[in-house]
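Shown next: structure.cif, given as mmCIF, C-alpha atoms.
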data_target
#
loop_
_atom_site.group_PDB
_atom_site.id
_atom_site.type_symbol
_atom_site.label_atom_id
_atom_site.label_comp_id
_atom_site.auth_asym_id
_atom_site.auth_seq_id
_atom_site.Cartn_x
_atom_site.Cartn_y
_atom_site.Cartn_z
ATOM 1 C CA MET A 135 0.193 -8.238 12.869
ATOM 2 C CA GLU A 136 1.418 -11.134 14.996
ATOM 3 C CA TYR A 137 2.876 -10.514 18.452
ATOM 4 C CA VAL A 138 5.306 -12.115 20.876
ATOM 5 C CA THR A 139 4.427 -11.777 24.547
ATOM 6 C CA LEU A 140 7.579 -11.084 26.548
ATOM 7 C CA ALA A 141 8.251 -12.607 29.979
ATOM 8 C CA ASN A 142 6.818 -9.537 31.724
ATOM 9 C CA GLY A 143 3.586 -9.593 29.696
ATOM 10 C CA VAL A 144 4.521 -6.816 27.247
ATOM 11 C CA LYS A 145 3.336 -7.545 23.700
ATOM 12 C CA MET A 146 5.973 -6.922 21.039
ATOM 13 C CA PRO A 147 5.120 -6.804 17.309
ATOM 14 C CA GLN A 148 6.848 -9.819 15.774
ATOM 15 C CA LEU A 149 7.659 -7.974 12.548
ATOM 16 C CA GLY A 150 9.466 -4.648 12.772
ATOM 17 C CA TYR A 151 11.540 -2.280 10.681
ATOM 18 C CA GLY A 152 15.281 -2.025 11.344
ATOM 19 C CA VAL A 153 17.392 1.040 10.549
ATOM 20 C CA TYR A 154 20.885 -0.471 10.710
ATOM 21 C CA GLN A 155 23.030 1.126 7.959
ATOM 22 C CA VAL A 156 20.261 3.600 7.089
ATOM 23 C CA THR A 157 22.012 6.962 6.810
ATOM 24 C CA ARG A 158 20.900 9.950 8.827
ATOM 25 C CA GLU A 159 20.049 11.721 5.568
ATOM 26 C CA GLU A 160 17.437 9.144 4.570
ATOM 27 C CA CYS A 161 16.431 7.662 7.927
ATOM 28 C CA GLU A 162 13.525 9.998 8.690
ATOM 29 C CA ARG A 163 12.003 9.373 5.264
ATOM 30 C CA CYS A 164 12.510 5.603 5.581
ATOM 31 C CA VAL A 165 10.881 5.371 9.009
ATOM 32 C CA SER A 166 7.981 7.505 7.762
ATOM 33 C CA ASP A 167 7.551 5.125 4.815
ATOM 34 C CA ALA A 168 7.693 2.102 7.116
ATOM 35 C CA LEU A 169 5.048 3.538 9.425
ATOM 36 C CA ALA A 170 2.850 4.344 6.413
ATOM 37 C CA ALA A 171 3.264 0.723 5.255
ATOM 38 C CA GLY A 172 1.896 -0.504 8.583
ATOM 39 C CA TYR A 173 4.998 -1.184 10.693
ATOM 40 C CA ARG A 174 4.565 -0.360 14.380
ATOM 41 C CA HIS A 175 7.904 -1.646 15.635
ATOM 42 C CA ILE A 176 11.043 0.373 14.885
ATOM 43 C CA ASP A 177 14.527 -0.903 15.825
ATOM 44 C CA THR A 178 17.464 1.492 16.139
ATOM 45 C CA ALA A 179 20.639 1.768 18.257
ATOM 46 C CA GLN A 180 23.024 4.322 19.670
ATOM 47 C CA SER A 181 25.722 3.009 17.355
ATOM 48 C CA TYR A 182 23.573 3.611 14.252
ATOM 49 C CA PHE A 183 23.686 7.375 14.872
ATOM 50 C CA ASN A 184 20.117 7.885 13.674
ATOM 51 C CA GLU A 185 18.006 7.902 16.847
ATOM 52 C CA GLU A 186 17.096 11.560 16.337
ATOM 53 C CA GLU A 187 15.812 10.901 12.827
ATOM 54 C CA VAL A 188 13.748 7.964 14.089
ATOM 55 C CA GLY A 189 12.277 10.229 16.749
ATOM 56 C CA ASN A 190 11.472 12.936 14.203
ATOM 57 C CA ALA A 191 9.620 10.483 11.955
ATOM 58 C CA ILE A 192 7.594 9.087 14.839
ATOM 59 C CA GLN A 193 6.668 12.566 16.065
ATOM 60 C CA LYS A 194 5.560 13.673 12.609
ATOM 61 C CA SER A 195 3.597 10.477 11.901
ATOM 62 C CA GLY A 196 0.636 11.457 14.035
ATOM 63 C CA ILE A 197 0.412 7.855 15.271
ATOM 64 C CA PRO A 198 -0.251 7.683 19.035
ATOM 65 C CA ARG A 199 2.945 6.900 20.941
ATOM 66 C CA GLU A 200 1.457 3.837 22.624
ATOM 67 C CA GLN A 201 0.866 2.229 19.219
ATOM 68 C CA ILE A 202 4.571 2.265 18.282
ATOM 69 C CA PHE A 203 7.087 -0.148 19.814
ATOM 70 C CA ILE A 204 10.567 1.433 19.891
ATOM 71 C CA THR A 205 13.787 -0.516 20.453
ATOM 72 C CA THR A 206 17.237 0.971 20.889
ATOM 73 C CA LYS A 207 20.537 -0.482 22.060
ATOM 74 C CA VAL A 208 23.329 0.709 24.351
ATOM 75 C CA TRP A 209 26.769 0.681 22.756
ATOM 76 C CA ILE A 210 29.868 -0.732 24.485
ATOM 77 C CA GLU A 211 31.493 2.645 25.231
ATOM 78 C CA HIS A 212 28.471 3.455 27.416
ATOM 79 C CA TYR A 213 28.702 0.317 29.557
ATOM 80 C CA GLY A 214 29.061 0.499 33.321
ATOM 81 C CA HIS A 215 26.175 1.635 35.528
ATOM 82 C CA ASP A 216 26.530 5.419 35.401
ATOM 83 C CA GLU A 217 27.437 5.705 31.726
ATOM 84 C CA CYS A 218 24.685 3.330 30.666
ATOM 85 C CA ARG A 219 22.036 5.193 32.622
ATOM 86 C CA LYS A 220 23.171 8.528 31.206
ATOM 87 C CA SER A 221 23.246 7.182 27.648
ATOM 88 C CA VAL A 222 19.715 5.740 27.854
ATOM 89 C CA LEU A 223 18.356 9.067 29.090
ATOM 90 C CA GLU A 224 20.141 10.706 26.148
ATOM 91 C CA SER A 225 18.560 8.168 23.776
ATOM 92 C CA MET A 226 15.172 9.094 25.204
ATOM 93 C CA ARG A 227 15.911 12.745 24.463
ATOM 94 C CA LYS A 228 16.944 11.974 20.888
ATOM 95 C CA LEU A 229 13.907 9.754 20.332
ATOM 96 C CA GLN A 230 11.681 12.442 21.892
ATOM 97 C CA VAL A 231 9.939 10.005 24.217
ATOM 98 C CA ASP A 232 9.386 9.707 27.955
ATOM 99 C CA TYR A 233 9.773 5.925 27.862
ATOM 100 C CA ILE A 234 11.357 3.350 25.533
ATOM 101 C CA ASP A 235 9.647 0.039 24.880
ATOM 102 C CA LEU A 236 12.825 -2.061 24.751
ATOM 103 C CA VAL A 237 16.491 -1.329 25.410
ATOM 104 C CA LEU A 238 19.150 -3.937 24.640
ATOM 105 C CA LEU A 239 22.827 -4.178 25.542
ATOM 106 C CA HIS A 240 24.323 -4.324 22.053
ATOM 107 C CA GLN A 241 27.395 -6.536 22.614
ATOM 108 C CA PRO A 242 28.555 -9.013 25.305
ATOM 109 C CA PHE A 243 31.826 -7.222 26.069
ATOM 110 C CA SER A 244 33.221 -4.769 28.670
ATOM 111 C CA ASP A 245 31.226 -4.014 31.842
ATOM 112 C CA TYR A 246 27.884 -5.337 30.686
ATOM 113 C CA TYR A 247 26.973 -6.310 34.247
ATOM 114 C CA GLY A 248 27.219 -2.696 35.398
ATOM 115 C CA ALA A 249 25.186 -1.630 32.375
ATOM 116 C CA TRP A 250 22.577 -4.297 33.115
ATOM 117 C CA ARG A 251 22.125 -2.950 36.652
ATOM 118 C CA ALA A 252 21.355 0.449 35.134
ATOM 119 C CA LEU A 253 18.750 -1.074 32.800
ATOM 120 C CA GLU A 254 17.157 -2.904 35.738
ATOM 121 C CA GLU A 255 16.983 0.418 37.584
ATOM 122 C CA LEU A 256 15.469 2.305 34.641
ATOM 123 C CA TYR A 257 12.967 -0.517 34.130
ATOM 124 C CA ALA A 258 11.904 -0.308 37.782
ATOM 125 C CA GLU A 259 11.419 3.441 37.351
ATOM 126 C CA GLY A 260 9.070 2.887 34.406
ATOM 127 C CA LYS A 261 11.342 4.519 31.836
ATOM 128 C CA LEU A 262 11.749 1.186 30.008
ATOM 129 C CA ARG A 263 8.942 -1.286 29.320
ATOM 130 C CA ALA A 264 11.346 -4.177 28.664
ATOM 131 C CA ILE A 265 15.090 -4.873 28.738
ATOM 132 C CA GLY A 266 17.279 -7.369 26.957
ATOM 133 C CA VAL A 267 20.539 -8.103 25.201
ATOM 134 C CA SER A 268 21.970 -8.601 21.734
ATOM 135 C CA ASN A 269 24.656 -10.984 20.474
ATOM 136 C CA PHE A 270 24.804 -12.921 23.757
ATOM 137 C CA LEU A 271 25.760 -16.539 23.111
ATOM 138 C CA PRO A 272 24.067 -19.160 25.319
ATOM 139 C CA ASP A 273 26.800 -19.281 27.971
ATOM 140 C CA ARG A 274 26.746 -15.529 28.562
ATOM 141 C CA LEU A 275 22.967 -15.397 28.367
ATOM 142 C CA VAL A 276 22.559 -18.140 30.990
ATOM 143 C CA ASP A 277 25.151 -16.382 33.167
ATOM 144 C CA LEU A 278 23.250 -13.077 33.022
ATOM 145 C CA CYS A 279 19.875 -14.769 33.540
ATOM 146 C CA SER A 280 21.207 -16.634 36.577
ATOM 147 C CA PHE A 281 22.947 -13.788 38.402
ATOM 148 C CA SER A 282 20.653 -10.831 37.742
ATOM 149 C CA ARG A 283 17.585 -9.551 39.549
ATOM 150 C CA ILE A 284 15.699 -9.302 36.241
ATOM 151 C CA LYS A 285 16.331 -11.745 33.402
ATOM 152 C CA PRO A 286 16.769 -10.407 29.862
ATOM 153 C CA MET A 287 13.444 -10.511 28.043
ATOM 154 C CA VAL A 288 14.897 -10.500 24.499
ATOM 155 C CA ASN A 289 18.127 -11.652 22.869
ATOM 156 C CA GLN A 290 18.738 -10.284 19.370
ATOM 157 C CA VAL A 291 21.206 -12.451 17.462
ATOM 158 C CA GLU A 292 22.194 -13.170 13.871
ATOM 159 C CA THR A 293 19.564 -15.614 12.600
ATOM 160 C CA HIS A 294 18.719 -16.663 9.038
ATOM 161 C CA PRO A 295 18.424 -19.923 7.060
ATOM 162 C CA HIS A 296 22.214 -20.378 6.895
ATOM 163 C CA ASN A 297 22.674 -19.713 10.645
ATOM 164 C CA GLN A 298 19.498 -20.871 12.360
ATOM 165 C CA GLN A 299 20.729 -20.712 15.981
ATOM 166 C CA LYS A 300 18.904 -23.931 16.841
ATOM 167 C CA ALA A 301 20.786 -24.628 20.092
ATOM 168 C CA ALA A 302 20.681 -20.970 21.152
ATOM 169 C CA HIS A 303 16.936 -20.917 20.435
ATOM 170 C CA GLU A 304 16.371 -23.788 22.872
ATOM 171 C CA TRP A 305 18.407 -22.076 25.597
ATOM 172 C CA MET A 306 16.379 -18.897 25.115
ATOM 173 C CA LYS A 307 13.152 -20.887 25.427
ATOM 174 C CA LYS A 308 14.406 -22.530 28.626
ATOM 175 C CA TYR A 309 15.031 -19.133 30.260
ATOM 176 C CA GLY A 310 11.964 -17.391 28.874
ATOM 177 C CA VAL A 311 13.936 -15.075 26.594
ATOM 178 C CA ALA A 312 12.352 -14.031 23.287
ATOM 179 C CA HIS A 313 14.506 -14.752 20.228
ATOM 180 C CA GLU A 314 14.946 -11.812 17.849
ATOM 181 C CA ALA A 315 16.805 -12.007 14.532
ATOM 182 C CA TRP A 316 19.174 -9.476 13.094
ATOM 183 C CA ALA A 317 20.107 -9.990 9.436
ATOM 184 C CA PRO A 318 16.992 -12.187 8.916
ATOM 185 C CA PHE A 319 18.003 -12.517 5.234
ATOM 186 C CA GLY A 320 21.699 -12.969 6.026
ATOM 187 C CA GLU A 321 22.128 -9.864 3.819
ATOM 188 C CA GLY A 322 21.728 -12.282 0.920
ATOM 189 C CA ARG A 323 25.146 -13.812 1.537
ATOM 190 C CA GLY A 324 25.719 -17.303 0.223
ATOM 191 C CA GLY A 325 23.060 -16.805 -2.457
ATOM 192 C CA LEU A 326 20.101 -16.850 -0.069
ATOM 193 C CA PHE A 327 17.885 -14.649 -2.264
ATOM 194 C CA THR A 328 18.291 -17.085 -5.171
ATOM 195 C CA ASP A 329 18.433 -20.321 -3.192
ATOM 196 C CA PRO A 330 16.565 -23.042 -5.166
ATOM 197 C CA VAL A 331 14.735 -24.395 -2.100
ATOM 198 C CA LEU A 332 13.467 -20.950 -1.093
ATOM 199 C CA THR A 333 12.642 -20.118 -4.709
ATOM 200 C CA LYS A 334 10.610 -23.341 -5.111
ATOM 201 C CA ILE A 335 8.682 -22.733 -1.894
ATOM 202 C CA GLY A 336 8.043 -19.106 -2.854
ATOM 203 C CA ALA A 337 6.669 -20.102 -6.258
ATOM 204 C CA LYS A 338 4.161 -22.397 -4.559
ATOM 205 C CA TYR A 339 2.646 -19.455 -2.664
ATOM 206 C CA GLY A 340 3.303 -16.660 -5.148
ATOM 207 C CA LYS A 341 5.830 -15.151 -2.746
ATOM 208 C CA THR A 342 9.450 -13.980 -2.985
ATOM 209 C CA THR A 343 12.333 -15.757 -1.281
ATOM 210 C CA ALA A 344 12.518 -12.826 1.166
ATOM 211 C CA GLN A 345 8.866 -13.305 2.106
ATOM 212 C CA VAL A 346 9.434 -17.043 2.556
ATOM 213 C CA MET A 347 12.353 -16.340 4.912
ATOM 214 C CA LEU A 348 10.302 -13.893 6.973
ATOM 215 C CA ARG A 349 7.403 -16.356 7.198
ATOM 216 C CA TRP A 350 9.844 -19.073 8.296
ATOM 217 C CA HIS A 351 11.134 -16.832 11.104
ATOM 218 C CA LEU A 352 7.615 -15.921 12.226
ATOM 219 C CA GLN A 353 6.538 -19.564 12.396
ATOM 220 C CA ARG A 354 9.584 -20.349 14.519
ATOM 221 C CA GLY A 355 8.360 -17.695 16.978
ATOM 222 C CA ILE A 356 11.253 -15.372 16.142
ATOM 223 C CA ILE A 357 10.971 -11.574 16.045
ATOM 224 C CA VAL A 358 12.291 -10.075 12.792
ATOM 225 C CA ILE A 359 13.412 -6.566 11.814
ATOM 226 C CA PRO A 360 14.129 -6.505 8.047
ATOM 227 C CA LYS A 361 15.666 -3.331 6.669
ATOM 228 C CA SER A 362 15.150 -1.683 3.288
ATOM 229 C CA VAL A 363 15.340 1.907 2.062
ATOM 230 C CA ARG A 364 12.793 1.208 -0.711
ATOM 231 C CA LYS A 365 9.125 1.678 0.147
ATOM 232 C CA GLU A 366 7.995 -1.069 -2.231
ATOM 233 C CA ARG A 367 10.352 -3.543 -0.532
ATOM 234 C CA MET A 368 9.104 -2.466 2.918
ATOM 235 C CA GLU A 369 5.559 -3.193 1.745
ATOM 236 C CA GLU A 370 6.647 -6.545 0.310
ATOM 237 C CA ASN A 371 8.325 -7.518 3.586
ATOM 238 C CA PHE A 372 5.148 -6.596 5.464
ATOM 239 C CA ASP A 373 2.991 -8.794 3.212
ATOM 240 C CA VAL A 374 3.689 -12.077 4.982
ATOM 241 C CA PHE A 375 0.571 -12.652 7.073
ATOM 242 C CA ASP A 376 -1.638 -14.181 4.378
ATOM 243 C CA PHE A 377 0.087 -17.559 3.991
ATOM 244 C CA SER A 378 1.681 -20.285 6.117
ATOM 245 C CA LEU A 379 4.482 -22.722 5.421
ATOM 246 C CA THR A 380 3.797 -26.424 5.801
ATOM 247 C CA ASP A 381 5.815 -28.690 8.086
ATOM 248 C CA GLU A 382 7.518 -30.019 4.965
ATOM 249 C CA ASP A 383 8.470 -26.472 3.900
ATOM 250 C CA MET A 384 9.871 -25.773 7.365
ATOM 251 C CA GLN A 385 11.912 -28.976 7.285
ATOM 252 C CA GLU A 386 13.351 -28.166 3.873
ATOM 253 C CA ILE A 387 14.471 -24.753 5.108
ATOM 254 C CA ALA A 388 15.839 -26.298 8.319
ATOM 255 C CA ALA A 389 18.128 -28.423 6.110
ATOM 256 C CA LEU A 390 19.792 -25.227 4.769
ATOM 257 C CA ASP A 391 21.454 -24.554 8.142
ATOM 258 C CA LYS A 392 25.251 -24.272 7.994
ATOM 259 C CA GLY A 393 25.510 -23.752 11.736
ATOM 260 C CA GLN A 394 27.917 -20.840 11.556
ATOM 261 C CA SER A 395 27.920 -17.073 11.215
ATOM 262 C CA SER A 396 27.848 -15.463 7.787
ATOM 263 C CA PHE A 397 29.633 -12.438 9.286
ATOM 264 C CA PHE A 398 31.952 -13.050 12.264
ATOM 265 C CA SER A 399 32.163 -15.115 15.434
ATOM 266 C CA HIS A 400 31.766 -13.510 18.845
ATOM 267 C CA THR A 401 33.965 -16.266 20.299
ATOM 268 C CA ASP A 402 36.923 -15.263 18.085
ATOM 269 C CA PRO A 403 39.454 -13.097 20.004
ATOM 270 C CA ALA A 404 40.024 -11.121 16.790
ATOM 271 C CA THR A 405 36.337 -10.144 16.862
ATOM 272 C CA VAL A 406 36.719 -8.833 20.402
ATOM 273 C CA GLU A 407 39.755 -6.813 19.292
ATOM 274 C CA MET A 408 37.693 -5.422 16.389
ATOM 275 C CA PHE A 409 35.098 -4.069 18.821
ATOM 276 C CA VAL A 410 37.820 -2.676 21.081
ATOM 277 C CA ARG A 411 39.249 -0.753 18.116
ATOM 278 C CA MET A 412 35.779 0.565 17.257
ATOM 279 C CA VAL A 413 35.333 1.890 20.799
ATOM 280 C CA GLU A 414 38.785 3.479 20.812
ATOM 281 C CA GLU A 415 38.199 5.127 17.434
ATOM 282 C CA ARG A 416 34.840 6.524 18.526
ATOM 283 C CA ARG A 417 36.291 7.831 21.767
ATOM 284 C CA GLY A 418 39.026 9.514 19.761
ATOM 285 C CA LYS A 419 36.493 11.166 17.469
ATOM 286 C CA SER A 420 34.389 12.286 20.436
ATOM 287 C CA SER A 421 37.478 13.820 22.044
ATOM 288 C CA ASP A 422 38.369 15.663 18.821
ATOM 289 C CA THR A 423 34.819 16.992 18.510
ATOM 290 C CA ALA A 424 34.829 18.173 22.110
ATOM 291 C CA LYS A 425 38.108 20.046 21.527
ATOM 292 C CA LYS A 426 36.674 21.756 18.456
ATOM 293 C CA ASP A 427 33.492 22.701 20.315
ATOM 294 C CA TRP A 428 35.578 24.095 23.141
#

This structure in structure tokens:
Amino acid sequence: MEYVTLANGVKMPQLGYGVYQVTREECERCVSDALAAGYRHIDTAQSYFNEEEVGNAIQKSGIPREQIFITTKVWIEHYGHDECRKSVLESMRKLQVDYIDLVLLHQPFSDYYGAWRALEELYAEGKLRAIGVSNFLPDRLVDLCSFSRIKPMVNQVETHPHNQQKAAHEWMKKYGVAHEAWAPFGEGRGGLFTDPVLTKIGAKYGKTTAQVMLRWHLQRGIIVIPKSVRKERMEENFDVFDFSLTDEDMQEIAALDKGQSSFFSHTDPATVEMFVRMVEERRGKSSDTAKKDW
């Protein structure tokens, strides 16, 4: 395993297993399979609704807690100091742990400053080993780094060969923030899994295009959290430490950059409205559930 050392000295496994869009029904089995395959970094979030299943798998694995790096993320409806603090303590309960290795603010909207103060507080108390953000574009990241007591240690953003985040990567380096990729394969959009450049490079090393993409991320110093529900694919994704790409390979992949999101833009007002609707819908469902429980 290769590691990234965060600004506070904490070592974070550079390759992890992500459980975005893994259903609650299969999440425990998937995390168990990932741990059996050798993964020691598991990435979840409050908004994935599978923290409890992640916790169950980790508890049943028999692997010492200190050997597993756990990341979760605070969702927008829990922003603000008090709500954020309460939600992180609830995540700890669901994960069945007395500390979390890394907690991120999931989106750069609503009262993320109040939420950040809560993370700083929980970090000072030793309940969190590291704190960071997700989906923060350079302007918001620099803002938070400049006006906070503790700078974010990680920024998890969409990163793959079609959206390489080259400028954002340099800003993260300037402020000592580790770059983490979500959607490291771009979910295969734009034909990434069959791209001729990636296919040619993979053939040279006897590797798949997915393995080439993961190796490319690792050599850029980026943390990656590929997701799969198939054990054989988890094992394939983990088998990327026995080869290295040449400078020429890296340059060829760099030329694939389209410089734009394959999903949506966080600077688009319609995207902000989409997240607002998500929060409102979830609050409505929570209210309905509370009425039924009552």

TODO: Between A:Leu140, A:Ala252, A:Val188, A:Ala179, single out the one closest to Arg163 (chain A), counting only C-alpha atoms.
DONE: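 The answer is A:Val188, which sits nearest to Arg163 (chain A).
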
Name the residues captured by the PyMOL selection byres ((chain A and resi 264) around 12) when it is applied to the shown file; answer as a compact mmCIF listing (two decimals) with C-alpha atoms, in the frame of the given file.
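For reference, selection29.txt as written:
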# COMPACT_ATOMS: atom_id res chain seq x y z
CA THR A 139 4.43 -11.78 24.55
CA LEU A 140 7.58 -11.08 26.55
CA ALA A 141 8.25 -12.61 29.98
CA ASN A 142 6.82 -9.54 31.72
CA GLY A 143 3.59 -9.59 29.70
CA VAL A 144 4.52 -6.82 27.25
CA LYS A 145 3.34 -7.54 23.70
CA MET A 146 5.97 -6.92 21.04
CA PHE A 203 7.09 -0.15 19.81
CA ILE A 204 10.57 1.43 19.89
CA THR A 205 13.79 -0.52 20.45
CA THR A 206 17.24 0.97 20.89
CA LYS A 207 20.54 -0.48 22.06
CA TYR A 233 9.77 5.92 27.86
CA ILE A 234 11.36 3.35 25.53
CA ASP A 235 9.65 0.04 24.88
CA LEU A 236 12.82 -2.06 24.75
CA VAL A 237 16.49 -1.33 25.41
CA LEU A 238 19.15 -3.94 24.64
CA LEU A 239 22.83 -4.18 25.54
CA LEU A 253 18.75 -1.07 32.80
CA GLU A 254 17.16 -2.90 35.74
CA GLU A 255 16.98 0.42 37.58
CA LEU A 256 15.47 2.31 34.64
CA TYR A 257 12.97 -0.52 34.13
CA ALA A 258 11.90 -0.31 37.78
CA GLU A 259 11.42 3.44 37.35
CA GLY A 260 9.07 2.89 34.41
CA LYS A 261 11.34 4.52 31.84
CA LEU A 262 11.75 1.19 30.01
CA ARG A 263 8.94 -1.29 29.32
CA ILE A 265 15.09 -4.87 28.74
CA GLY A 266 17.28 -7.37 26.96
CA VAL A 267 20.54 -8.10 25.20
CA ILE A 284 15.70 -9.30 36.24
CA LYS A 285 16.33 -11.74 33.40
CA PRO A 286 16.77 -10.41 29.86
CA MET A 287 13.44 -10.51 28.04
CA VAL A 288 14.90 -10.50 24.50
CA ASN A 289 18.13 -11.65 22.87
CA VAL A 311 13.94 -15.08 26.59
CA ALA A 312 12.35 -14.03 23.29

- [ ] Point out the residue among A:Leu169, A:Leu326, A:Thr178, A:Gln353 with the least atom-to-atom distance to Asp381 (chain A), counting all atoms listed in the file.
- [x] A:Gln353

- [ ] Please provide as a PyMOL selection string all residues within 8 Å of Glu185 (chain A), with the sequence filter that same-chain residues fewer than 4 positions apart are discarded (counting all atoms listed in the file).
- [x] chain A and resi 178-180+189+225+228-229

Dump C-alpha atoms for the selected residues as a PDB file, in the frame of the given file?
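See part07.pdb below for the written result:
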ATOM      1  CA  THR A 178      17.464   1.492  16.139  1.00  0.00           C
ATOM      2  CA  ALA A 179      20.639   1.768  18.257  1.00  0.00           C
ATOM      3  CA  GLN A 180      23.024   4.322  19.670  1.00  0.00           C
ATOM      4  CA  GLY A 189      12.277  10.229  16.749  1.00  0.00           C
ATOM      5  CA  SER A 225      18.560   8.168  23.776  1.00  0.00           C
ATOM      6  CA  LYS A 228      16.944  11.974  20.888  1.00  0.00           C
ATOM      7  CA  LEU A 229      13.907   9.754  20.332  1.00  0.00           C
TER       8      LEU A 229
END

Can you sort out the box for region 311-317 of chain A, edges along x, y and z, all listed atoms in, 4 Å on every side, with centre and edge lengths in Å to one decimal, as AutoDock Vina command-line options?
--center_x 16.2 --center_y -12.3 --center_z 18.0 --size_x 15.8 --size_y 13.6 --size_z 25.2

Task: For CA of His294 (chain A) and CA of Glu162 (chain A), the interatomic separation in Å (one decimal) - done: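 Between CA of His294 (chain A) and CA of Glu162 (chain A) the gap works out to 27.2 Å.
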
TODO: Check which residues satisfy the PyMOL selection byres ((chain A and resi 193) around 12) in the file shown, then give them as a ChimeraX atom specification.
DONE: /A:162,165-166,169,186-192,194-199,202,228-231

Using only C-alpha atoms, please write the residues we just selected to a file, as a short mmCIF file (atom, residue, chain, number, x, y, z; two decimals), in the coordinates of the input.
data_model
loop_
_atom_site.label_atom_id
_atom_site.label_comp_id
_atom_site.auth_asym_id
_atom_site.auth_seq_id
_atom_site.Cartn_x
_atom_site.Cartn_y
_atom_site.Cartn_z
CA GLU A 162 13.52 10.00 8.69
CA VAL A 165 10.88 5.37 9.01
CA SER A 166 7.98 7.50 7.76
CA LEU A 169 5.05 3.54 9.43
CA GLU A 186 17.10 11.56 16.34
CA GLU A 187 15.81 10.90 12.83
CA VAL A 188 13.75 7.96 14.09
CA GLY A 189 12.28 10.23 16.75
CA ASN A 190 11.47 12.94 14.20
CA ALA A 191 9.62 10.48 11.96
CA ILE A 192 7.59 9.09 14.84
CA LYS A 194 5.56 13.67 12.61
CA SER A 195 3.60 10.48 11.90
CA GLY A 196 0.64 11.46 14.04
CA ILE A 197 0.41 7.86 15.27
CA PRO A 198 -0.25 7.68 19.04
CA ARG A 199 2.94 6.90 20.94
CA ILE A 202 4.57 2.26 18.28
CA LYS A 228 16.94 11.97 20.89
CA LEU A 229 13.91 9.75 20.33
CA GLN A 230 11.68 12.44 21.89
CA VAL A 231 9.94 10.01 24.22
#

Just say which residues the PyMOL selection byres ((chain A and resi 331-339) around 10) picks in this file, as a PDB file with C-alpha atoms, keeping the file's coordinate frame.
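Ended up saving to out.pdb:
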ATOM      1  CA  PRO A 295      18.424 -19.923   7.060  1.00  0.00           C
ATOM      2  CA  LEU A 326      20.101 -16.850  -0.069  1.00  0.00           C
ATOM      3  CA  PHE A 327      17.885 -14.649  -2.264  1.00  0.00           C
ATOM      4  CA  THR A 328      18.291 -17.085  -5.171  1.00  0.00           C
ATOM      5  CA  ASP A 329      18.433 -20.321  -3.192  1.00  0.00           C
ATOM      6  CA  PRO A 330      16.565 -23.042  -5.166  1.00  0.00           C
ATOM      7  CA  GLY A 340       3.303 -16.660  -5.148  1.00  0.00           C
ATOM      8  CA  LYS A 341       5.830 -15.151  -2.746  1.00  0.00           C
ATOM      9  CA  THR A 342       9.450 -13.980  -2.985  1.00  0.00           C
ATOM     10  CA  THR A 343      12.333 -15.757  -1.281  1.00  0.00           C
ATOM     11  CA  ALA A 344      12.518 -12.826   1.166  1.00  0.00           C
ATOM     12  CA  GLN A 345       8.866 -13.305   2.106  1.00  0.00           C
ATOM     13  CA  VAL A 346       9.434 -17.043   2.556  1.00  0.00           C
ATOM     14  CA  MET A 347      12.353 -16.340   4.912  1.00  0.00           C
ATOM     15  CA  ASP A 376      -1.638 -14.181   4.378  1.00  0.00           C
ATOM     16  CA  PHE A 377       0.087 -17.559   3.991  1.00  0.00           C
ATOM     17  CA  SER A 378       1.681 -20.285   6.117  1.00  0.00           C
ATOM     18  CA  LEU A 379       4.482 -22.722   5.421  1.00  0.00           C
ATOM     19  CA  THR A 380       3.797 -26.424   5.801  1.00  0.00           C
ATOM     20  CA  ASP A 383       8.470 -26.472   3.900  1.00  0.00           C
ATOM     21  CA  MET A 384       9.871 -25.773   7.365  1.00  0.00           C
ATOM     22  CA  GLU A 386      13.351 -28.166   3.873  1.00  0.00           C
ATOM     23  CA  ILE A 387      14.471 -24.753   5.108  1.00  0.00           C
ATOM     24  CA  ALA A 389      18.128 -28.423   6.110  1.00  0.00           C
ATOM     25  CA  LEU A 390      19.792 -25.227   4.769  1.00  0.00           C
TER      26      LEU A 390
END

Task: CA of Glu321 (chain A) to CA of Glu366 (chain A), straight-line distance in Å - done: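 These atoms are spaced 17.7 Å apart.
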
Open item on the list: I want to know what sits within 12 Å of Gly172 (chain A), based on only C-alpha atoms, with residues of the same chain fewer than 5 positions away left out; could you give that as a PyMOL selection string?
Closed with: chain A and resi 135+147+149-151+165-167+195+197+201-202+365+368-373

TODO: Check the smallest atom-to-atom distance from each of A:Tyr246, A:Trp316, A:Tyr137, A:Phe397 to Thr293 (chain A) using all atoms listed in the file, then report the winner.
DONE: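 Using all atoms listed in the file, the shortest distance to Thr293 (chain A) belongs to A:Trp316.
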
TODO: For CA of Glu159 (chain A) and CA of Phe183 (chain A), determine how far apart the two atoms are, in Å to one decimal place.
DONE: 10.9 Å
